[in-house]
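S.K.: Shown below is the structure under consideration.
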Number of protein chains: 2
Amino acid sequence: MRVSKLYAPTLREVPAEAEVVSHQLMLRAGFMRKAAGGIYTYLPLAWRVLKKIERIVREEMDAKGSQELLMPIVQPAEIWQESGRWDVYGAEMFRLQDRHNRCFCLGPTHEEMVTTLIRGDVRSYRQLPLSVYQIQNKYRDERRPRFGLMRGREFIMKDAYSFDRDEAGLDKSYQDMYDAYTNIFTRCGLNFRPVEADSGAIGGSGSHEFMVIADSGEAEIVFCTSCDYAANVEKAELFPLEAQEEAMLTKEEVVTPDCKTIADVCAYLKLPVDHSVKAVAYNSEKGLILCFVRGDHEVNEIKVINTCGVIDLEMATEEQLAAAGTVGGYMGPVGIDNKKVIVVVDATVMKMHNVCCGANKEGYHFINVNPGRDFTPTYVADIRLIQEGDPCPHCGGEVSKARGIEVGQVFKLFTKYSSALKATYLDENGKEQPMVMGCYGVGVSRTMAAAIEQNYDDNGIIWPIEIAPYHVLVVPVNTKDEASAAKAEEIYMQLKKVGLETVIDDRNERPGVKFKDADLIGYPLRVVVGPKTLTEGKLEVKIRKTGEIRYLPLDGDYVQDIKNIIAELAFSK
Amino acid sequence: MRVSKLYAPTLREVPAEAEVVSHQLMLRAGFMRKAAGGIYTYLPLAWRVLKKIERIVREEMDAKGSQELLMPIVQPAEIWQESGRWDVYGAEMFRLQDRHNRCFCLGPTHEEMVTTLIRGDVRSYRQLPLSVYQIQNKYRDERRPRFGLMRGREFIMKDAYSFDRDEAGLDKSYQDMYDAYTNIFTRCGLNFRPVEADSGAIGGSGSHEFMVIADSGEAEIVFCTSCDYAANVEKAELFPLEAQEEAMLTKEEVVTPDCKTIADVCAYLKLPVDHSVKAVAYNSEKGLILCFVRGDHEVNEIKVINTCGVIDLEMATEEQLAAAGTVGGYMGPVGIDNKKVIVVVDATVMKMHNVCCGANKEGYHFINVNPGRDFTPTYVADIRLIQEGDPCPHCGGEVSKARGIEVGQVFKLFTKYSSALKATYLDENGKEQPMVMGCYGVGVSRTMAAAIEQNYDDNGIIWPIEIAPYHVLVVPVNTKDEASAAKAEEIYMQLKKVGLETVIDDRNERPGVKFKDADLIGYPLRVVVGPKTLTEGKLEVKIRKTGEIRYLPLDGDYVQDIKNIIAELAFSK
């Protein structure tokens, strides 16, 4: 490819619309253009990266025996109504009607589609297990699309679905996909971590997310500094912390004027914060939920959602609190009717003695409250958010935090969709059984963006060689110097001949312009050819990732030398 | 791949919903399943065929320097409003709104998208020519989706767009694409023909369609039996036929009772039909259009549309005819006000003398009408439909007719979209010029269906080897006979090892079932391995296309023999 022909229009300025690095750099380096909010065109360089990621995904999926197919993007409403998700899905689903006023959606995911497909074709245990996948645009009408490809409305996903006879089969399918994903992100040259993930209403330990480690990641993860435990903070389990034994004192109401936070209260009462209980109040479709955690802890909303079996939480209003007999800033578990209001108390709180908590009355708190004696929760559960330094749930070591970009997820669905959509098979005894399912996603376009979030510097993108749009850029420093320009052409042809993906910057531009574009686009290797190359007999090769410059003898096998450098770069972190 | 694992569920019955052979066979052979009217899932075998077609398309597009990118499927209404097509496109366009009530469509084509993209990135003549393409789902909300993949609502297209400085550049880009398409369909192993196509309002000779020859084709084409002229009948030009010189006689009104057709009239009056003129009346957005052709000719509606510059035609009503001063069955050009009604007369009619035509009065015709003397048309133009035996417009030879399936089209857009959407560049003199565009489409999923329409028999599909989902099926006749089953496995492995795309039918089924499925799916080669294979030392290879059976010595290089047969099959018609 010649830069003079390549459709990769670089920009000098950082576009105002771009909030994150990957978005800024992909606009500046001519990888993408916006068509509408959250909807983009992938220009040729980006398309090459996407094709490489797709190829890796295909090879690893095929290796596990998953079969590629292609389901429709436009899906009939009927199957979503049958599963019950047509109404649940809400505004995130793009919906449309055809000319006969039949309702459709643009697939945000394909559980309904694949389950109704398979139920029509698979009847016998002999046809199982079966695993299928596709690579395709997916659609989510985000309220606020942002961060470029990180949270778009039209994006490329690989989604796979497994169908098994039983849970043992699902375990095997799940592990296969877990392994495939590990291979995929390794082969993409990314620093990533599989972490335990929330599996929502289905529960159990049936989900992992694959996180590309990057400071800009939307997700927070914890990992143990001693063992290999890692989890999304949403999921990370915590065992209740034991408190020291203390004799139960008599509960007392005390005045706490102008104390709005639990820190204020503890300071005013001269109590340690870990002897206090703080509250967070939510509204849900099941009514008010009052949550209580230790004063120095935070509530994990996902755990609250799973504990209470609700779909979504929003902050409660003062009116709702008043109706429940309490008031913001002074909420406490004592005297709340746990039949009318859902009272969720973190398991650690139940181990505490003589605690301070709100008295459900403006300006007052209780002290010496004893859980069990003075109040009974609707639910006792692990609802707190894991923090830096908390004990690892696996080994008891200390956990640390990091940020990550979710690029893949594996998920055990069990019989959720096969039951709802009646996807059954006849077992060895002729008995009808629901198929046991799993689903597995890779964000293909998001992986491209995540690779940039993890690999860039002030000058531009630093592509991992495995997914770089091209391997080598040959830069003739001066296209008017005939001898060196001819040499550059020769080198370009030589490299192409052995299958190295090579570009030559044949533009009549200053070297500075060419070098700036080279760094911005992120070619892994830059080969500079100028008059000095010929006089000194040495080829200058710059490695984008390290900045290192190597000189290769022109009279040696420089093609092999360059191949060797590329091999060196592969799979290195 | 093993048939026991392959997700290709064959059906014994012909599904009632399928009207055409490709649809029937793709359902029966487990290539596709319906998700909604005109919307399908491609199962693994179909997906392999599609990938092969896509690969051929990509290689040929890349070879011409076109660059692959990917534009959005969901397109904002604004750009269609800017081009003026948002309102014109009508019910065929799937439209939707996002959560903020902004209007979008699902791209039926991408002229607006690509033109607005390029206008933002290309400013200088130095950046031209530029050619880009993508392979992607397209959407058309057909009134009556049918014929499976032949006329679906969601289908896979390759669309390409070229941008040039001038018409000379466009000619070159157009020829490149014409050549690429010729290569593509040749490499797909199809019997096809490029034909001149209607280029609508843009006019000129700026379009060719690539037609796969098949009796079931929706399109009718003509080709010259002497030269290489070929055209869609919609497009095929006709020069006016000369009539013998005759002295003009006096026009006379004659009674023609109960004569409803021109044949009735001529029979009643004892006149040759080529001395009569017949009429067809249309309604359009410009009002009534009366068309006149020789009695034994037919009207070509596309030519009428282009002549009159209207968008669409529908049959005129009796009320409209009455208002224009005529009546159905007795329409004639004499006495019609060509200012109030558009009167279009075929050029051949203008050469005729003393003709018979309707008198615009129930039960009466005129005879001895002379065009020019007795009436003046609004337009004289070539508006007749070419017929078998008509003279070739290139060489004067005879034309013949055939049916075809349109699988590709190349089209000169000139500055239609660049002018409407202000996609301009600065030329060498710093002057702003509209880019000169072309667009080029390949129906990828339709090509798969067309391949079947052209290649099948009573037993199933006969895939051209170039796009067959697999090359070879190995059939162990009896999986319980250990020695021959092991031999079959060995052969399967040997063939796979050299890169032949091979499937083994390892099911515990009767040979008849396996052979039926093999023919239905259309594996180009079937290798049968049974006890006799071992005792006789010969491998039975059946060629699906010809039915020929060959015996390969087992102690010879049967792998090479099979490779040779495959090479033989490639590119043969």
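Naming works like this for the structure tokens: A, B, ... for the chains as they're shown, residue 1 at the start of each chain, ligands 1 onward in shown order.
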Taking the chain letters and numbering used in this document, name the residues of stretch 14-192 of chain B that DSSP puts in alpha helix (DSSP H), as a PyMOL selection string.
M.R.: chain B and resi 21-28+44-63+77-83+85-88+111-121+167-187
S.K.: If we count only C-alpha atoms, which residues of chain B reach to within 9 Å of chain A? Please list them as a PyMOL selection string.
M.R.: chain B and resi 4-9+33-36+39-48+65+67-76+91-100+113+116-117+121-122+126-130+132+137+141-143+154
S.K.: Between atom CA of B:Pro469 and atom CA of B:Lys52, what is the spacing in Å?
M.R.: 8.1 Å
S.K.: Work out how far atom CA of B:Arg165 is from atom CA of B:Lys431, in Å to one decimal.
M.R.: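 These two atoms are separated by 11.8 Å.
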S.K.: Looking at A:Ile305, A:Val442, A:Met315, A:Val14, which one is nearest to A:Lys138, with distances taken over only C-alpha atoms?
M.R.: A:Val442
S.K.: Just want the 9 Å neighbourhood of A:Asn368, counted on only C-alpha atoms, with same-chain residues fewer than 5 positions away dropped. Output as a PDB file with all heavy atoms, in the first residue's frame.
M.R.:
ATOM      1  N   MET A 248     -23.437  -6.432  75.646  1.00  0.00           N
ATOM      2  CA  MET A 248     -24.448  -5.546  75.056  1.00  0.00           C
ATOM      3  C   MET A 248     -24.873  -4.484  76.063  1.00  0.00           C
ATOM      4  O   MET A 248     -25.236  -4.790  77.187  1.00  0.00           O
ATOM      5  CB  MET A 248     -25.688  -6.352  74.669  1.00  0.00           C
ATOM      6  CG  MET A 248     -25.456  -7.262  73.486  1.00  0.00           C
ATOM      7  SD  MET A 248     -27.028  -7.872  72.852  1.00  0.00           S
ATOM      8  CE  MET A 248     -26.549  -9.470  72.240  1.00  0.00           C
ATOM      9  N   LEU A 249     -24.796  -3.239  75.643  1.00  0.00           N
ATOM     10  CA  LEU A 249     -25.215  -2.136  76.520  1.00  0.00           C
ATOM     11  C   LEU A 249     -26.658  -1.763  76.187  1.00  0.00           C
ATOM     12  O   LEU A 249     -27.234  -2.263  75.222  1.00  0.00           O
ATOM     13  CB  LEU A 249     -24.288  -0.937  76.308  1.00  0.00           C
ATOM     14  CG  LEU A 249     -22.796  -1.255  76.510  1.00  0.00           C
ATOM     15  CD1 LEU A 249     -21.941  -0.023  76.219  1.00  0.00           C
ATOM     16  CD2 LEU A 249     -22.528  -1.748  77.936  1.00  0.00           C
ATOM     17  N   THR A 250     -27.183  -0.876  76.968  1.00  0.00           N
ATOM     18  CA  THR A 250     -28.581  -0.467  76.752  1.00  0.00           C
ATOM     19  C   THR A 250     -28.651   0.579  75.645  1.00  0.00           C
ATOM     20  O   THR A 250     -27.896   1.557  75.634  1.00  0.00           O
ATOM     21  CB  THR A 250     -29.159   0.143  78.043  1.00  0.00           C
ATOM     22  OG1 THR A 250     -28.914  -0.789  79.095  1.00  0.00           O
ATOM     23  CG2 THR A 250     -30.653   0.372  77.910  1.00  0.00           C
ATOM     24  N   LYS A 251     -29.567   0.356  74.724  1.00  0.00           N
ATOM     25  CA  LYS A 251     -29.758   1.283  73.591  1.00  0.00           C
ATOM     26  C   LYS A 251     -30.201   2.647  74.116  1.00  0.00           C
ATOM     27  O   LYS A 251     -31.008   2.726  75.037  1.00  0.00           O
ATOM     28  CB  LYS A 251     -30.839   0.698  72.668  1.00  0.00           C
ATOM     29  CG  LYS A 251     -31.084   1.498  71.425  1.00  0.00           C
ATOM     30  CD  LYS A 251     -32.277   0.969  70.637  1.00  0.00           C
ATOM     31  CE  LYS A 251     -33.551   1.332  71.363  1.00  0.00           C
ATOM     32  NZ  LYS A 251     -34.782   1.105  70.616  1.00  0.00           N
ATOM     33  N   GLU A 252     -29.665   3.690  73.527  1.00  0.00           N
ATOM     34  CA  GLU A 252     -29.946   5.045  74.013  1.00  0.00           C
ATOM     35  C   GLU A 252     -30.164   5.980  72.830  1.00  0.00           C
ATOM     36  O   GLU A 252     -29.446   5.873  71.836  1.00  0.00           O
ATOM     37  CB  GLU A 252     -28.695   5.568  74.744  1.00  0.00           C
ATOM     38  CG  GLU A 252     -28.880   5.881  76.200  1.00  0.00           C
ATOM     39  CD  GLU A 252     -27.550   6.377  76.754  1.00  0.00           C
ATOM     40  OE1 GLU A 252     -27.275   7.584  76.662  1.00  0.00           O
ATOM     41  OE2 GLU A 252     -26.761   5.511  77.222  1.00  0.00           O
ATOM     42  N   HIS A 353     -21.416  -4.955  67.724  1.00  0.00           N
ATOM     43  CA  HIS A 353     -22.058  -4.751  69.032  1.00  0.00           C
ATOM     44  C   HIS A 353     -22.099  -3.264  69.330  1.00  0.00           C
ATOM     45  O   HIS A 353     -21.196  -2.531  68.960  1.00  0.00           O
ATOM     46  CB  HIS A 353     -21.264  -5.444  70.137  1.00  0.00           C
ATOM     47  CG  HIS A 353     -20.955  -6.873  69.813  1.00  0.00           C
ATOM     48  ND1 HIS A 353     -21.896  -7.885  69.849  1.00  0.00           N
ATOM     49  CD2 HIS A 353     -19.794  -7.463  69.414  1.00  0.00           C
ATOM     50  CE1 HIS A 353     -21.334  -9.020  69.489  1.00  0.00           C
ATOM     51  NE2 HIS A 353     -20.045  -8.790  69.221  1.00  0.00           N
ATOM     52  N   ASN A 354     -23.127  -2.876  70.011  1.00  0.00           N
ATOM     53  CA  ASN A 354     -23.210  -1.516  70.569  1.00  0.00           C
ATOM     54  C   ASN A 354     -22.895  -0.457  69.505  1.00  0.00           C
ATOM     55  O   ASN A 354     -22.004   0.371  69.674  1.00  0.00           O
ATOM     56  CB  ASN A 354     -22.245  -1.374  71.750  1.00  0.00           C
ATOM     57  CG  ASN A 354     -22.549  -2.424  72.814  1.00  0.00           C
ATOM     58  OD1 ASN A 354     -23.733  -2.717  73.083  1.00  0.00           O
ATOM     59  ND2 ASN A 354     -21.506  -3.020  73.380  1.00  0.00           N
ATOM     60  N   VAL A 355     -23.665  -0.539  68.416  1.00  0.00           N
ATOM     61  CA  VAL A 355     -23.370   0.369  67.313  1.00  0.00           C
ATOM     62  C   VAL A 355     -24.218   1.636  67.401  1.00  0.00           C
ATOM     63  O   VAL A 355     -25.230   1.686  68.105  1.00  0.00           O
ATOM     64  CB  VAL A 355     -23.604  -0.308  65.943  1.00  0.00           C
ATOM     65  CG1 VAL A 355     -22.760  -1.550  65.800  1.00  0.00           C
ATOM     66  CG2 VAL A 355     -25.078  -0.601  65.741  1.00  0.00           C
ATOM     67  N   CYS A 356     -23.746   2.616  66.647  1.00  0.00           N
ATOM     68  CA  CYS A 356     -24.487   3.866  66.512  1.00  0.00           C
ATOM     69  C   CYS A 356     -25.186   3.860  65.165  1.00  0.00           C
ATOM     70  O   CYS A 356     -24.587   3.475  64.158  1.00  0.00           O
ATOM     71  CB  CYS A 356     -23.470   5.014  66.597  1.00  0.00           C
ATOM     72  SG  CYS A 356     -24.068   6.560  65.905  1.00  0.00           S
ATOM     73  N   CYS A 357     -26.463   4.292  65.130  1.00  0.00           N
ATOM     74  CA  CYS A 357     -27.171   4.374  63.852  1.00  0.00           C
ATOM     75  C   CYS A 357     -28.263   5.424  63.953  1.00  0.00           C
ATOM     76  O   CYS A 357     -28.605   5.867  65.060  1.00  0.00           O
ATOM     77  CB  CYS A 357     -27.762   3.017  63.461  1.00  0.00           C
ATOM     78  SG  CYS A 357     -28.993   2.414  64.615  1.00  0.00           S
TER      79      CYS A 357
END
S.K.: When distances are computed from only C-alpha atoms, which of A:Leu269, A:Val233, A:Leu149, A:Val444 shows the smallest separation from A:Ile184?
M.R.: A:Val444
S.K.: For B:Met150, work out the shell of residues within 7 Å, counting only C-alpha atoms and skipping chain neighbours fewer than 2 positions away, then give it as an mmCIF file with C-alpha atoms, in the first residue's frame.
M.R.:
data_model
loop_
_atom_site.group_PDB
_atom_site.id
_atom_site.type_symbol
_atom_site.label_atom_id
_atom_site.label_comp_id
_atom_site.auth_asym_id
_atom_site.auth_seq_id
_atom_site.Cartn_x
_atom_site.Cartn_y
_atom_site.Cartn_z
ATOM 1 C CA PHE B 147 -38.090 -16.477 -3.579
ATOM 2 C CA GLY B 148 -35.950 -16.928 -0.465
ATOM 3 C CA GLY B 152 -35.269 -10.765 0.757
ATOM 4 C CA ARG B 446 -28.176 -13.564 -4.036
ATOM 5 C CA ALA B 449 -28.967 -18.498 -4.515
#
S.K.: Hey, can you check how far atom CA of A:Met437 sits from atom CA of A:Ser124?
M.R.: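 About the pair atom CA of A:Met437 and atom CA of A:Ser124: they are 15.4 Å apart.
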S.K.: For A:Asp382, find every residue with an atom within 10 Å (counting only C-alpha atoms), except residues of its own chain fewer than 2 positions away, and show them as a PyMOL selection string.
M.R.: chain A and resi 236-240+293+299-300+303-304+307+344-349+379-380+384-385
S.K.: So that I can check the secondary structure, give me every residue of stretch 100-185 of chain A assigned strand (DSSP E or B) by backbone DSSP, as a VMD selection string.
M.R.: chain A and resid 103 to 106 124 130 to 139 146 151 154 to 164
S.K.: Which residue gives the smallest distance to A:Arg55 among A:Glu220, A:Glu406, A:Glu466, A:Glu540, with only C-alpha atoms counted?
M.R.: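 Distance minimum relative to A:Arg55 lands on A:Glu466.
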